[in-house]
Amino acid sequence: MKARFGVSRGKALALAALAAIVASTLSASEYALAADGRGRSQHWGVITRNTIGSPVAELRDGPFGSFGVQGSSARPPYGRGSLGIEVADNSTSLADPREKVDFGNEVDFFGDPVLGLEQLGFHVFQTGENIAYGGPENMPNIRFEIDANLSSLPADNYTTMVWVPDAAPVTNQWSGFIDATSTGYWYFSGAEGAATGCTQAAQCTFAQAKTALDDGGDAPIIYTAAVGKGRDHMWIGAVDGLRINRYIYDFEASGVRTRFAPSGNNNAVG
């Protein structure tokens, strides 16, 4: 008996099996998914406590382009998707304050040592319009909610450790990896900012922020990790390839896939 196009049923089945094997091999090679329980984490999503207004933080396909852009800069750096973020600036209305959103993980990083953070950063799709809205540093942030455990603030067990990137190296296309440990600046929210000298006005490098936390008290610990935006300027763009130490978090429309980072500095946190 012949299958369609003159291929025998046996050969058709064999070809289908081979295609499945090839597809599986390519998928594993493309994503290099972590095999330690983090391969498809369901713990990522909008952190509702940290959301104001009606912003969007949604796993999506693309963006691809912009028009006229070709090559690797015209597509997400991992897979075919990203984390799309849309935040409005309603600062002129007291009844409708500036929007804010954090897309993160409140489970898998809890209790990890802040001082164990060594490799951080992401890729971004920045637009010229975003720069027009708020200047070159109108960019999404990496945010860690932490217990700083500062000796000078023994009763205070909450602050947010925030990375503010420099201007994106390109616009209207995907950037390369932006290293949060060597570019931009870091600060702490609340009383910890004043105690450490790392505020939005008195900006710290990543190394300075970690040194300020290492004050001889109990080790600071992480509560949550997130990519966020607001409350400042309108921003519409996307982020992909969030790196936290040994892992790269690949944002896809189907979920967050976890890849092993390249060898070297594969620290245990994250």
# chains A, B, ... in the order shown; residues from 1 in each chain; ligands from 1

call {"tool": "closest_atom_pairs", "arguments": {"of": "segment 148-250 of chain A", "to": "segment 256-265 of chain A", "cutoff": "6 Å", "atoms": "only C-alpha atoms", "output": "tab-separated table"}}
result
residue	atom	partner	partner_atom	distance
A:Arg246	CA	A:Ala261	CA	5.2
A:Tyr247	CA	A:Phe260	CA	4.8
A:Ile248	CA	A:Arg259	CA	5.0
A:Tyr249	CA	A:Thr258	CA	4.8
A:Asp250	CA	A:Arg257	CA	5.0

call {"tool": "select_by_dssp", "arguments": {"residues": "segment 8-244 of chain A", "states": "helix (DSSP H, G or I)", "output": "number ranges by chain"}}
result
A: 9-31, 48-50, 71-74, 114-116, 128-134, 191-196, 206-213

call {"tool": "write_last_selection", "arguments": {"atoms": "C-alpha atoms", "output": "compact mmCIF listing (two decimals), in the first residue's frame"}}
result
# COMPACT_ATOMS: atom_id res chain seq x y z
CA ARG A 9 3.75 3.81 4.60
CA GLY A 10 6.87 2.36 6.20
CA LYS A 11 9.13 5.01 4.75
CA ALA A 12 6.65 7.74 5.71
CA LEU A 13 6.60 6.56 9.30
CA ALA A 14 10.38 6.35 9.39
CA LEU A 15 10.72 9.88 7.98
CA ALA A 16 8.22 11.20 10.52
CA ALA A 17 10.14 9.58 13.37
CA LEU A 18 13.42 11.02 12.06
CA ALA A 19 11.88 14.48 11.76
CA ALA A 20 10.67 14.27 15.36
CA ILE A 21 14.15 13.31 16.56
CA VAL A 22 15.76 16.14 14.61
CA ALA A 23 13.21 18.65 15.91
CA SER A 24 13.81 17.49 19.48
CA THR A 25 17.59 17.72 19.04
CA LEU A 26 17.40 21.20 17.57
CA SER A 27 15.11 22.37 20.34
CA ALA A 28 17.45 21.09 23.04
CA SER A 29 20.45 22.62 21.29
CA GLU A 30 18.72 25.95 20.75
CA TYR A 31 17.56 26.40 24.31
CA THR A 48 0.59 42.20 41.69
CA ARG A 49 1.80 43.96 44.85
CA ASN A 50 4.07 46.13 42.72
CA GLY A 71 20.19 40.06 10.90
CA SER A 72 20.41 39.19 14.61
CA SER A 73 19.32 42.68 15.71
CA ALA A 74 15.94 42.17 14.01
CA VAL A 114 22.51 39.13 47.69
CA LEU A 115 26.30 39.13 47.94
CA GLY A 116 26.33 36.02 45.74
CA GLY A 128 13.46 56.49 19.68
CA GLU A 129 9.99 57.36 20.96
CA ASN A 130 10.89 56.09 24.44
CA ILE A 131 13.90 58.40 24.46
CA ALA A 132 11.62 61.28 23.44
CA TYR A 133 9.31 60.45 26.35
CA GLY A 134 11.96 60.41 29.06
CA ALA A 191 16.03 54.19 54.55
CA GLU A 192 18.61 51.75 53.15
CA GLY A 193 19.41 54.25 50.41
CA ALA A 194 20.45 56.92 52.91
CA ALA A 195 22.23 54.39 55.14
CA THR A 196 24.33 53.00 52.31
CA PHE A 206 27.30 47.43 41.43
CA ALA A 207 30.50 46.81 43.39
CA GLN A 208 29.85 49.80 45.65
CA ALA A 209 26.29 48.66 46.34
CA LYS A 210 27.45 45.20 47.37
CA THR A 211 30.22 46.63 49.55
CA ALA A 212 27.70 48.90 51.29
CA LEU A 213 25.58 45.86 52.17

call {"tool": "closest_residue", "arguments": {"among": "A:Trp174, A:Ile222, A:Ile146, A:Glu118", "to": "Gly81 of chain A", "atoms": "only C-alpha atoms"}}
result
A:Trp174

call {"tool": "residues_around", "arguments": {"residues": "segment 232-238 of chain A", "least_positions_apart": "6", "cutoff": "8 Å", "atoms": "only C-alpha atoms", "output": "ChimeraX atom specification"}}
result
/A:63,82-89,91,98-99,124-127,130,133-134,138-139

call {"tool": "write_last_selection", "arguments": {"atoms": "C-alpha atoms", "output": "PDB file, in the first residue's frame"}}
result
ATOM      1  CA  PRO A  63       9.227  42.120  18.263  1.00  0.00           C
ATOM      2  CA  SER A  82      10.257  38.369  24.689  1.00  0.00           C
ATOM      3  CA  LEU A  83       8.672  40.201  27.597  1.00  0.00           C
ATOM      4  CA  GLY A  84       6.662  43.100  26.209  1.00  0.00           C
ATOM      5  CA  ILE A  85       6.246  46.060  28.578  1.00  0.00           C
ATOM      6  CA  GLU A  86       3.915  49.029  28.205  1.00  0.00           C
ATOM      7  CA  VAL A  87       3.758  51.702  30.912  1.00  0.00           C
ATOM      8  CA  ALA A  88       1.923  55.023  30.622  1.00  0.00           C
ATOM      9  CA  ASP A  89       2.910  58.354  32.152  1.00  0.00           C
ATOM     10  CA  SER A  91       1.785  62.231  35.989  1.00  0.00           C
ATOM     11  CA  ARG A  98       2.064  57.110  37.026  1.00  0.00           C
ATOM     12  CA  GLU A  99       1.938  53.448  36.177  1.00  0.00           C
ATOM     13  CA  VAL A 124      16.358  45.362  25.356  1.00  0.00           C
ATOM     14  CA  PHE A 125      14.266  46.567  22.431  1.00  0.00           C
ATOM     15  CA  GLN A 126      14.417  50.354  22.846  1.00  0.00           C
ATOM     16  CA  THR A 127      12.756  52.904  20.574  1.00  0.00           C
ATOM     17  CA  ASN A 130      10.895  56.091  24.435  1.00  0.00           C
ATOM     18  CA  TYR A 133       9.311  60.445  26.349  1.00  0.00           C
ATOM     19  CA  GLY A 134      11.964  60.414  29.058  1.00  0.00           C
ATOM     20  CA  ASN A 138      14.277  55.896  30.027  1.00  0.00           C
ATOM     21  CA  MET A 139      14.790  52.144  30.284  1.00  0.00           C
TER      22      MET A 139
END

call {"tool": "residues_around", "arguments": {"residues": "Gly176 of chain A", "least_positions_apart": "2", "cutoff": "12 Å", "atoms": "only C-alpha atoms", "output": "JSON, numbers by chain"}}
result
{"A": [72, 73, 74, 75, 76, 77, 78, 121, 122, 123, 124, 125, 126, 168, 169, 170, 171, 173, 174, 178, 179, 239, 240, 241, 242]}

call {"tool": "write_last_selection", "arguments": {"atoms": "N, CA, C and O atoms", "output": "compact mmCIF listing (two decimals), in the first residue's frame"}}
result
# COMPACT_ATOMS: atom_id res chain seq x y z
N SER A 72 20.71 39.56 13.23
CA SER A 72 20.41 39.19 14.61
C SER A 72 19.73 40.31 15.38
O SER A 72 18.99 40.05 16.34
N SER A 73 19.94 41.56 14.99
CA SER A 73 19.32 42.68 15.71
C SER A 73 17.83 42.81 15.41
O SER A 73 17.14 43.58 16.07
N ALA A 74 17.34 42.06 14.42
CA ALA A 74 15.94 42.17 14.01
C ALA A 74 15.06 41.12 14.67
O ALA A 74 13.88 41.02 14.34
N ARG A 75 15.59 40.35 15.62
CA ARG A 75 14.78 39.33 16.27
C ARG A 75 15.24 39.18 17.72
O ARG A 75 16.36 39.56 18.07
N PRO A 76 14.39 38.64 18.58
CA PRO A 76 14.79 38.44 19.97
C PRO A 76 16.06 37.60 20.05
O PRO A 76 16.28 36.71 19.22
N PRO A 77 16.90 37.85 21.05
CA PRO A 77 18.19 37.14 21.12
C PRO A 77 18.06 35.65 21.44
O PRO A 77 18.95 34.87 21.12
N TYR A 78 16.94 35.24 22.07
CA TYR A 78 16.71 33.83 22.39
C TYR A 78 15.32 33.45 21.91
O TYR A 78 14.34 34.14 22.18
N GLY A 121 22.09 41.23 33.93
CA GLY A 121 21.88 42.07 32.75
C GLY A 121 20.76 41.52 31.88
O GLY A 121 20.12 40.52 32.22
N PHE A 122 20.52 42.19 30.74
CA PHE A 122 19.50 41.73 29.80
C PHE A 122 19.73 42.36 28.43
O PHE A 122 20.62 43.19 28.24
N HIS A 123 18.91 41.96 27.47
CA HIS A 123 18.82 42.57 26.15
C HIS A 123 17.54 43.39 26.12
O HIS A 123 16.53 42.99 26.73
N VAL A 124 17.53 44.49 25.38
CA VAL A 124 16.36 45.36 25.36
C VAL A 124 16.03 45.78 23.94
O VAL A 124 16.93 45.93 23.09
N PHE A 125 14.73 45.95 23.67
CA PHE A 125 14.27 46.57 22.43
C PHE A 125 13.81 47.97 22.79
O PHE A 125 12.73 48.17 23.34
N GLN A 126 14.67 48.95 22.52
CA GLN A 126 14.42 50.35 22.85
C GLN A 126 14.02 51.10 21.57
O GLN A 126 14.45 50.73 20.47
N ALA A 168 20.45 52.81 26.00
CA ALA A 168 20.62 51.64 25.15
C ALA A 168 21.59 51.95 24.02
O ALA A 168 21.58 53.06 23.48
N PRO A 169 22.44 51.00 23.65
CA PRO A 169 23.43 51.26 22.59
C PRO A 169 22.81 51.43 21.20
O PRO A 169 23.44 52.01 20.32
N VAL A 170 21.59 50.93 21.00
CA VAL A 170 20.91 51.05 19.71
C VAL A 170 19.43 51.32 19.97
O VAL A 170 18.92 51.08 21.07
N THR A 171 18.74 51.82 18.96
CA THR A 171 17.29 52.01 19.05
C THR A 171 16.60 51.34 17.87
O THR A 171 17.21 51.10 16.83
N GLN A 173 15.70 48.40 17.44
CA GLN A 173 16.19 47.05 17.17
C GLN A 173 16.66 46.46 18.49
O GLN A 173 16.74 47.14 19.51
N TRP A 174 16.97 45.17 18.46
CA TRP A 174 17.43 44.49 19.67
C TRP A 174 18.88 44.87 19.98
O TRP A 174 19.72 44.89 19.09
N ILE A 178 23.37 43.87 27.81
CA ILE A 178 23.73 45.04 28.61
C ILE A 178 24.08 44.56 30.00
O ILE A 178 23.23 44.01 30.71
N ASP A 179 25.30 44.75 30.41
CA ASP A 179 25.84 44.20 31.66
C ASP A 179 25.49 45.11 32.84
O ASP A 179 25.96 46.25 32.91
N VAL A 239 12.01 43.21 26.62
CA VAL A 239 13.24 42.71 27.25
C VAL A 239 13.33 41.21 27.01
O VAL A 239 12.31 40.51 26.99
N ASP A 240 14.53 40.70 26.85
CA ASP A 240 14.73 39.26 26.73
C ASP A 240 16.11 38.92 27.29
O ASP A 240 16.97 39.78 27.46
N GLY A 241 16.32 37.63 27.54
CA GLY A 241 17.62 37.15 27.98
C GLY A 241 18.07 37.74 29.29
O GLY A 241 19.23 38.14 29.44
N LEU A 242 17.17 37.80 30.27
CA LEU A 242 17.55 38.28 31.61
C LEU A 242 18.55 37.30 32.21
O LEU A 242 18.26 36.12 32.37

call {"tool": "closest_residue", "arguments": {"among": "A:Phe144, A:Pro154, A:Thr51, A:Asp218", "to": "Phe188 of chain A", "atoms": "only C-alpha atoms"}}
result
A:Phe144

call {"tool": "select_by_dssp", "arguments": {"residues": "segment 202-231 of chain A", "states": "strand (DSSP E or B)", "output": "list of chain:residue names"}}
result
A:Cys204, A:Ile221, A:Ile222, A:Tyr223, A:Thr224, A:Ala225, A:Ala226, A:Val227, A:Gly228, A:Lys229

call {"tool": "write_last_selection", "arguments": {"atoms": "N, CA and C atoms", "output": "PDB file, in the first residue's frame"}}
result
ATOM      1  N   CYS A 204      25.428  54.514  42.871  1.00  0.00           N
ATOM      2  CA  CYS A 204      26.496  53.569  43.186  1.00  0.00           C
ATOM      3  C   CYS A 204      26.717  52.608  42.024  1.00  0.00           C
ATOM      4  N   ILE A 221      19.675  39.020  52.167  1.00  0.00           N
ATOM      5  CA  ILE A 221      19.047  37.941  51.403  1.00  0.00           C
ATOM      6  C   ILE A 221      18.022  38.511  50.416  1.00  0.00           C
ATOM      7  N   ILE A 222      17.799  37.752  49.350  1.00  0.00           N
ATOM      8  CA  ILE A 222      16.853  38.138  48.308  1.00  0.00           C
ATOM      9  C   ILE A 222      15.456  37.641  48.661  1.00  0.00           C
ATOM     10  N   TYR A 223      14.478  38.481  48.395  1.00  0.00           N
ATOM     11  CA  TYR A 223      13.077  38.067  48.448  1.00  0.00           C
ATOM     12  C   TYR A 223      12.568  37.709  47.041  1.00  0.00           C
ATOM     13  N   THR A 224      12.694  38.660  46.114  1.00  0.00           N
ATOM     14  CA  THR A 224      12.177  38.466  44.761  1.00  0.00           C
ATOM     15  C   THR A 224      13.148  39.046  43.735  1.00  0.00           C
ATOM     16  N   ALA A 225      12.986  38.626  42.486  1.00  0.00           N
ATOM     17  CA  ALA A 225      13.755  39.181  41.367  1.00  0.00           C
ATOM     18  C   ALA A 225      12.777  39.543  40.271  1.00  0.00           C
ATOM     19  N   ALA A 226      13.014  40.693  39.609  1.00  0.00           N
ATOM     20  CA  ALA A 226      12.052  41.139  38.603  1.00  0.00           C
ATOM     21  C   ALA A 226      12.697  42.078  37.592  1.00  0.00           C
ATOM     22  N   VAL A 227      12.048  42.165  36.434  1.00  0.00           N
ATOM     23  CA  VAL A 227      12.266  43.258  35.498  1.00  0.00           C
ATOM     24  C   VAL A 227      11.079  44.196  35.660  1.00  0.00           C
ATOM     25  N   GLY A 228      11.333  45.496  35.794  1.00  0.00           N
ATOM     26  CA  GLY A 228      10.240  46.419  36.048  1.00  0.00           C
ATOM     27  C   GLY A 228      10.385  47.724  35.299  1.00  0.00           C
ATOM     28  N   LYS A 229       9.309  48.504  35.320  1.00  0.00           N
ATOM     29  CA  LYS A 229       9.328  49.844  34.736  1.00  0.00           C
ATOM     30  C   LYS A 229       8.331  50.729  35.460  1.00  0.00           C
TER      31      LYS A 229
END

call {"tool": "residues_around", "arguments": {"residues": "Gly45 of chain A", "least_positions_apart": "5", "cutoff": "10 Å", "atoms": "only C-alpha atoms", "output": "list in words"}}
result
Ala57, Glu58, Leu59, Asp102, Phe103, Gly104, Asn105, Glu106, Ala226, Gly255 and Val256 of chain A

call {"tool": "atom_distance", "arguments": {"atom1": "atom CA of Leu120 of chain A", "atom2": "atom CA of Ser54 of chain A"}}
result
28.0 Å

call {"tool": "residues_around", "arguments": {"residues": "Ser151 of chain A", "least_positions_apart": "2", "cutoff": "8 Å", "atoms": "only C-alpha atoms", "output": "PyMOL selection string"}}
result
chain A and resi 149+153-154+215-218

call {"tool": "write_last_selection", "arguments": {"atoms": "N, CA and C atoms", "output": "PDB file, in the first residue's frame"}}
result
ATOM      1  N   ASN A 149      19.550  43.624  55.863  1.00  0.00           N
ATOM      2  CA  ASN A 149      20.184  43.236  57.128  1.00  0.00           C
ATOM      3  C   ASN A 149      21.310  44.188  57.530  1.00  0.00           C
ATOM      4  N   LEU A 153      20.319  49.505  60.671  1.00  0.00           N
ATOM      5  CA  LEU A 153      18.856  49.483  60.576  1.00  0.00           C
ATOM      6  C   LEU A 153      18.346  48.100  60.981  1.00  0.00           C
ATOM      7  N   PRO A 154      18.543  47.718  62.226  1.00  0.00           N
ATOM      8  CA  PRO A 154      18.216  46.340  62.621  1.00  0.00           C
ATOM      9  C   PRO A 154      16.737  45.989  62.530  1.00  0.00           C
ATOM     10  N   ASP A 215      28.246  45.027  55.764  1.00  0.00           N
ATOM     11  CA  ASP A 215      28.652  45.922  56.859  1.00  0.00           C
ATOM     12  C   ASP A 215      28.922  45.195  58.169  1.00  0.00           C
ATOM     13  N   GLY A 216      29.100  43.889  58.091  1.00  0.00           N
ATOM     14  CA  GLY A 216      29.429  43.125  59.287  1.00  0.00           C
ATOM     15  C   GLY A 216      28.237  42.500  59.972  1.00  0.00           C
ATOM     16  N   GLY A 217      27.019  42.844  59.534  1.00  0.00           N
ATOM     17  CA  GLY A 217      25.824  42.235  60.106  1.00  0.00           C
ATOM     18  C   GLY A 217      25.480  40.929  59.420  1.00  0.00           C
ATOM     19  N   ASP A 218      24.260  40.475  59.644  1.00  0.00           N
ATOM     20  CA  ASP A 218      23.814  39.255  58.958  1.00  0.00           C
ATOM     21  C   ASP A 218      23.846  39.471  57.446  1.00  0.00           C
TER      22      ASP A 218
END

call {"tool": "atom_distance", "arguments": {"atom1": "atom CA of Ala148 of chain A", "atom2": "atom CA of Ile52 of chain A"}}
result
24.7 Å

call {"tool": "atom_distance", "arguments": {"atom1": "atom CA of Val69 of chain A", "atom2": "atom CA of Ala253 of chain A"}}
result
22.3 Å

call {"tool": "closest_residue", "arguments": {"among": "A:Gly62, A:Phe67, A:Trp163, A:Asp147", "to": "Gly190 of chain A", "atoms": "only C-alpha atoms"}}
result
A:Asp147
